[in-house]
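Trainee: What follows is a single structure, and I will ask about it in a moment.
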Amino acid sequence: ATERTALFLFFGGTGDLAYRKLYPSLFNLYRKGNLRTHFAVVGTSRQAMDHEKFRAAVKKSLADSGNRVESKEANDFISHFYYQAHDVTDTAHYAVVKDLLDKLDKKYKLQGNRIFYLSMAPQFFGTIAQDLKTQGLMSSNKDAFNRLVIEKPFGRDYDSAKQLNDALSKSFDENQIFRIDHYLGKEMIQNIEALRFGNTLVESLWNNRYIDNIQVTLSEKLGVEERASYYDNSGALRDMVQNHIMQIVSLLAMEQPVAFTDTDIRAEKVKALRSLRVYNVADAATNFVRGQYGSINDQPDYRHEDNVPTDSTTETFVAGKLLFDNYRWSGTPFYVRTGKMLADKFTRVDVVFKRPLVDIFAFPQSQSTPLAANVLTIFVEPHAGFSLQLNAKTNDTGFQTEPIKLDYLVDAEKSKETPEPYERLLHDVMKGDGTNFSSWPEVSYAWKFVDQIRRVWDLQEPNFPNYTPHSMGPAAAEELIQRDHREWIYRL
Ligand code: NAD
């Protein structure tokens with residue numbers, strides 16, 4: 001591995017995300033040699049704490065994620081961590097952080113390379129970015145990099161996202177901003193590009209002549225849990241569709257990039273999103289459906305979860321149809337769905353091919369069942385793999401066909417070695433590779449699409465709750481696809 005030189009400054013450095021994901025991911029990068037001697041990590045948050053107490057908390061976070069921490073390796077790593085109490089809303093207060101950064105820069109010979117990671121409530125993103133610049137925390141060394149990493153959510157509609165982006169742009173250029181969408185850090189999401197552009201067999205059929213429809217399902221088994229106060233303000237459309245689903249869909253829909261670089265890939269994703277049909281009121285109402293989970297046994301319905309108002313109209317489920325008005329996809333819909341309290345926890349993509357134009361096996365007295373569609377499934381999680389459903393002859397003297405499956409599942413040993421999304425994404429930030437982050441044009445097209453759905457929904461009081469826990473959502477999600485004489489490939 002190539003050793004990288006950087007100073008990491010984490011805002012929200014004592015938060016859940018930092019302890020649960022970010023520090024363990026940095027440790028993995030350290031163990032693999034991507035970080036060695038020339039790095040330092042500064043955590044900040046409002047609470048008072050000394051370096052030693054912070055290091056103890058970091059050690060615990062490594063242990064909690066399954067690392068052996070009574071080792072020289074772990075102790076050496078942790079010795080690079082520093083803490084500074086800091087209130088992000090107090091501009092004058094940034095000076096103390098600046099002093100610490102400058103000191104660490106010298107001590108570890110960091111050459112001015114800085115990564116600012118905003119892992120806290122989004123209302124602070126704009127202020128922090130501005131103060132980083134005005135208070136001199138960004139390195140002025142012209143050979144060094146300053147990079148800003150932003151957690152989700154990026155706005156709650158197009159207007160607020162634009163406002164946030166305008167605020168960030170006052171301090172950072174687009175190529176210095178890394179907007180996290182952790183789905184882009186998942187092995188099998190990255191594999192979409194390998195599958196498509198590495199295989200003639202796949203890419204030559206990847207269009208509306210051969211593909212009937214594509215289905216993307218992000219299914220969660222749990223209810224809202226402890227994120228209720230955030231979630232109730234957001235809902236499934238903003239929390240899952242605008243970001244993760246739109247990103248997955250754009251990777252599935254884009255044209256082949258000129259080269260495998262962030263600039264070329266982003267350009268193609270943006271082009272795809274530009275041809276996504278933004279619905280008018282009537283089409284938004286027919287092409288998107290929403291749901292909220294009811295109660296089962298002694299489990300409360302969504303409206304009786306802690307911190308959820310009893311009259312909440314927030315959707316915990318969305319299903320919809322997306323249409324691209326371009327040469328490749330015209331006439332081939334993308335169906336998407338996501339929700340909480342569904343039958344199982346998984347993410348998958350089902351690519352449903354057209355049936356042969358003529359079924360020569362279906363002659364009059366034939367016993368054969370009609371030919372099934374070929375389906376290519378990408379299993380994203382919990383198990384990674386592919387499956388291809390083909391038609392083959394049954395093993396007997398007659399001539400009947402039956403669907404068979406070619407399966408490739410990544411084995412458990414290999415899965416354990418698969419880097420966590422945050423490890424990959426932090427590595428990408430150190431390299432300055434923006435491939436697996438959302439660019440501003442992508443975010444803005446996605447919001448413009450989603451805003452239209454939201455606008456229509458806000459006009460009508462929904463009839464909630466409307467689905468049973470551990471199902472695959474409301475009846476409306478079935479009707480949505482059956483209306484087009486199709487069905488969900490994953491069904492109960
Ligand atoms: P958290 O509430 O656990 O942590 C927030 C941190 O910000 C704490 O360290 C707190 O002390 C600090 N803070 C709050 N106000 C401050 C102020 N005025 N000045 C300085 N520090 C202040 O939040 P989290 O769960 O770690 O989430 C962080 C970000 O990551 C959010 O944007 C969230 O949406 C996003 N995110 C979190 C998760 C997750 O699994 N936790 C997943 C995806 C995205």
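Chain identifiers are assigned as A, B, and so on, following the order in which chains appear in the structure tokens; residues are numbered from 1 within each chain, and ligands are numbered from 1 in order of appearance.
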Could you tell me, counting only C-alpha atoms and all ligand atoms, which protein and nucleic acid residues lie no more than 9 Å from ligand 1, written as an NGL selection string?
Mentor: :A and (10-21 or 43-47 or 85-90 or 118-125 or 150-154 or 180-182 or 227 or 230)
Trainee: Could you list, as a list in words, every residue within 6 Å of range 276-280 of chain A, counting only C-alpha atoms and ignoring same-chain residues fewer than 5 positions away?
Mentor: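 Counting only the stated atoms, we get Leu323, Phe324 and Phe449 of chain A.
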Trainee: Write down as a ChimeraX atom specification the residues of range 187-329 of chain A whose backbone DSSP state falls under helix (DSSP H, G or I).
Mentor: /A:187-197,200-203,225-253,262-274,281-287,302-304
Trainee: For each of A:Leu376, A:Leu357, A:Leu237, A:Ala1, take the minimum atom-to-atom distance to Asp157 in chain A, counting only C-alpha atoms, then give the residue where this is smallest.
Mentor: A:Leu237
Trainee: At what distance in Å, to one decimal, does CA of Arg491 in chain A lie from CA of Leu371 in chain A?
Mentor: 19.4 Å
Trainee: Show which residues sit within 10 Å of Lys32 in chain A, as a JSON list (two decimals) with C-alpha atoms, in the first residue's frame. Count only C-alpha atoms, and ignore same-chain residues fewer than 3 positions away.
Mentor:
[["chain", "number", "residue", "atom", "x", "y", "z"],
["A", 1, "ALA", "CA", 0.00, 0.00, 0.00],
["A", 2, "THR", "CA", 1.07, 3.58, -0.61],
["A", 3, "GLU", "CA", 1.56, 5.61, 2.52],
["A", 26, "LEU", "CA", -8.85, 4.56, 9.74],
["A", 27, "PHE", "CA", -7.32, 1.78, 11.81],
["A", 28, "ASN", "CA", -7.82, -0.68, 8.97],
["A", 29, "LEU", "CA", -6.09, 1.74, 6.61],
["A", 35, "LEU", "CA", -1.29, 5.45, 6.95],
["A", 36, "ARG", "CA", 2.01, 4.97, 8.71]]
Trainee: Between A:Thr5, A:Ser234, A:Gln452, A:Ser250, which one has atoms that come closest to Phe145 in chain A, using only C-alpha atoms?
Mentor: A:Thr5
Trainee: Find, counting only C-alpha atoms, the residue in A:Gly331, A:Thr369, A:Ala228, A:Phe379 that gets nearest to Ser312 in chain A.
Mentor: A:Ala228
Trainee: For Glu193 in chain A, which residue out of A:Phe54, A:Tyr293, A:Tyr231, A:Phe260 is the nearest one, using only C-alpha atoms?
Mentor: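 Selected residue with least distance to Glu193 in chain A: A:Phe260.
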